[in-house]
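Next comes coords-v2.cif, with mmCIF, C-alpha atoms; chains and numbers go by the auth columns.
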data_work
loop_
_atom_site.group_PDB
_atom_site.id
_atom_site.type_symbol
_atom_site.label_atom_id
_atom_site.label_comp_id
_atom_site.label_asym_id
_atom_site.label_seq_id
_atom_site.Cartn_x
_atom_site.Cartn_y
_atom_site.Cartn_z
_atom_site.B_iso_or_equiv
_atom_site.auth_seq_id
_atom_site.auth_asym_id
ATOM 1 C CA MET A 1 58.882 -3.034 15.451 0.00 1 A
ATOM 2 C CA THR A 2 59.694 0.141 13.623 0.00 2 A
ATOM 3 C CA PHE A 3 57.267 2.997 13.209 0.00 3 A
ATOM 4 C CA ASP A 4 56.996 2.198 9.505 0.00 4 A
ATOM 5 C CA GLU A 5 56.113 -1.442 10.216 0.00 5 A
ATOM 6 C CA ALA A 6 53.304 -0.307 12.518 0.00 6 A
ATOM 7 C CA LEU A 7 52.116 2.253 9.987 0.00 7 A
ATOM 8 C CA ASN A 8 52.145 -0.381 7.243 0.00 8 A
ATOM 9 C CA HIS A 9 49.952 -2.644 9.335 0.00 9 A
ATOM 10 C CA PHE A 10 47.514 -0.099 10.794 0.00 10 A
ATOM 11 C CA ARG A 11 47.570 2.154 7.690 0.00 11 A
ATOM 12 C CA THR A 12 47.181 5.495 9.552 0.00 12 A
ATOM 13 C CA GLY A 13 48.602 7.246 12.580 0.00 13 A
ATOM 14 C CA ARG A 14 45.066 7.645 13.839 0.00 14 A
ATOM 15 C CA ALA A 15 44.542 3.867 13.766 0.00 15 A
ATOM 16 C CA ILE A 16 47.824 3.378 15.652 0.00 16 A
ATOM 17 C CA GLY A 17 46.617 5.880 18.245 0.00 17 A
ATOM 18 C CA GLU A 18 43.320 4.047 18.618 0.00 18 A
ATOM 19 C CA ALA A 19 45.133 0.740 19.108 0.00 19 A
ATOM 20 C CA LEU A 20 47.366 2.309 21.761 0.00 20 A
ATOM 21 C CA GLY A 21 44.640 4.402 23.375 0.00 21 A
ATOM 22 C CA VAL A 22 46.584 7.638 22.779 0.00 22 A
ATOM 23 C CA SER A 23 46.061 10.781 20.726 0.00 23 A
ATOM 24 C CA SER A 24 47.277 11.285 17.175 0.00 24 A
ATOM 25 C CA SER A 25 49.616 13.917 18.593 0.00 25 A
ATOM 26 C CA ARG A 26 51.286 11.307 20.783 0.00 26 A
ATOM 27 C CA VAL A 27 51.711 9.036 17.764 0.00 27 A
ATOM 28 C CA SER A 28 53.379 11.951 15.939 0.00 28 A
ATOM 29 C CA GLN A 29 55.715 12.425 18.900 0.00 29 A
ATOM 30 C CA CYS A 30 56.673 8.758 18.690 0.00 30 A
ATOM 31 C CA ARG A 31 57.400 9.137 14.993 0.00 31 A
ATOM 32 C CA ALA A 32 59.595 12.182 15.659 0.00 32 A
ATOM 33 C CA ALA A 33 61.421 10.304 18.435 0.00 33 A
ATOM 34 C CA GLY A 34 62.195 7.428 16.105 0.00 34 A
ATOM 35 C CA GLY A 35 59.665 4.827 17.203 0.00 35 A
ATOM 36 C CA PHE A 36 57.725 3.344 20.064 0.00 36 A
ATOM 37 C CA SER A 37 58.719 2.383 23.588 0.00 37 A
ATOM 38 C CA TYR A 38 58.864 -1.345 24.251 0.00 38 A
ATOM 39 C CA PRO A 39 55.575 -1.337 26.234 0.00 39 A
ATOM 40 C CA MET A 40 53.843 0.493 23.372 0.00 40 A
ATOM 41 C CA GLN A 41 55.259 -2.051 20.923 0.00 41 A
ATOM 42 C CA CYS A 42 53.867 -4.845 23.096 0.00 42 A
ATOM 43 C CA VAL A 43 50.389 -3.292 22.919 0.00 43 A
ATOM 44 C CA LEU A 44 50.668 -2.976 19.144 0.00 44 A
ATOM 45 C CA GLU A 45 51.852 -6.580 18.889 0.00 45 A
ATOM 46 C CA LYS A 46 48.793 -7.740 20.799 0.00 46 A
ATOM 47 C CA GLU A 47 46.434 -5.472 18.848 0.00 47 A
ATOM 48 C CA SER A 48 47.866 -6.759 15.555 0.00 48 A
ATOM 49 C CA GLY A 49 47.244 -10.367 16.556 0.00 49 A
ATOM 50 C CA GLY A 50 50.973 -11.068 16.508 0.00 50 A
ATOM 51 C CA LYS A 51 51.539 -9.784 12.974 0.00 51 A
ATOM 52 C CA LEU A 52 53.792 -7.099 14.432 0.00 52 A
ATOM 53 C CA VAL A 53 56.565 -8.135 16.833 0.00 53 A
ATOM 54 C CA ALA A 54 57.904 -5.995 19.687 0.00 54 A
ATOM 55 C CA ARG A 55 61.704 -5.747 19.605 0.00 55 A
ATOM 56 C CA ARG A 56 63.812 -3.976 22.205 0.00 56 A
ATOM 57 C CA GLN A 57 66.393 -3.035 19.575 0.00 57 A
ATOM 58 C CA ASP A 58 63.759 -0.837 17.880 0.00 58 A
ATOM 59 C CA VAL A 59 63.207 1.307 20.983 0.00 59 A
ATOM 60 C CA PRO A 60 64.416 4.858 20.311 0.00 60 A
ATOM 61 C CA ARG A 61 67.467 6.079 22.203 0.00 61 A
ATOM 62 C CA VAL A 62 66.780 7.983 25.432 0.00 62 A
ATOM 63 C CA ASP A 63 68.102 11.321 24.112 0.00 63 A
ATOM 64 C CA SER A 64 65.641 11.073 21.199 0.00 64 A
ATOM 65 C CA LEU A 65 62.769 10.551 23.635 0.00 65 A
ATOM 66 C CA LYS A 66 63.534 13.785 25.481 0.00 66 A
ATOM 67 C CA SER A 67 62.629 15.806 22.404 0.00 67 A
ATOM 68 C CA ALA A 68 59.268 14.025 22.153 0.00 68 A
ATOM 69 C CA VAL A 69 58.154 14.704 25.719 0.00 69 A
#
Write the structure described by the file as structure tokens, please.
Amino acid sequence: MTFDEALNHFRTGRAIGEALGVSSSRVSQCRAAGGFSYPMQCVLEKESGGKLVARRQDVPRVDSLKSAV
């Protein structure tokens, strides 16, 4: 899933953070990196009741993740 798909479903970054059990700052880092890791997507898929779908092709590239750490 893309960040925008998750945001569409959960409506706010804060709600995404609550679903993932992370801070709003971490959600912002994910947005800046270009999306969520596959494990995070899996959590969001479960929390959305399957309305969102985790997809490995939506995982940000590794060099993008370095800037979000």
Written as a VMD selection string, what is the full residue list that the PyMOL selection byres ((chain A and resi 48-55) around 10) yields on the file shown?
chain A and resid 1 to 2 5 to 6 8 to 10 19 36 to 47 56 to 59
Written file, previous selection with C-alpha atoms, as a compact mmCIF listing (two decimals), in the coordinates of the input:
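File out.txt, as written:
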# COMPACT_ATOMS: atom_id res chain seq x y z
CA MET A 1 58.88 -3.03 15.45
CA THR A 2 59.69 0.14 13.62
CA GLU A 5 56.11 -1.44 10.22
CA ALA A 6 53.30 -0.31 12.52
CA ASN A 8 52.14 -0.38 7.24
CA HIS A 9 49.95 -2.64 9.34
CA PHE A 10 47.51 -0.10 10.79
CA ALA A 19 45.13 0.74 19.11
CA PHE A 36 57.72 3.34 20.06
CA SER A 37 58.72 2.38 23.59
CA TYR A 38 58.86 -1.34 24.25
CA PRO A 39 55.58 -1.34 26.23
CA MET A 40 53.84 0.49 23.37
CA GLN A 41 55.26 -2.05 20.92
CA CYS A 42 53.87 -4.84 23.10
CA VAL A 43 50.39 -3.29 22.92
CA LEU A 44 50.67 -2.98 19.14
CA GLU A 45 51.85 -6.58 18.89
CA LYS A 46 48.79 -7.74 20.80
CA GLU A 47 46.43 -5.47 18.85
CA ARG A 56 63.81 -3.98 22.20
CA GLN A 57 66.39 -3.04 19.58
CA ASP A 58 63.76 -0.84 17.88
CA VAL A 59 63.21 1.31 20.98
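Residues selected in this file by the PyMOL selection byres ((chain A and resi 23-32) around 8) comprise Phe3, Gly13, Arg14, Ile16, Gly17, Glu18, Gly21, Val22, Ala33, Gly34, Gly35, Phe36, Ala68 and Val69 of chain A.
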For range 1-13 of chain A, take all atoms listed in the file, fit an axis-aligned box around them, add 5 Å to each of the six sides, then output centre and edge lengths in Å rounded to one decimal, as AutoDock Vina command-line options.
--center_x 53.4 --center_y 2.1 --center_z 11.3 --size_x 22.5 --size_y 20.3 --size_z 18.2
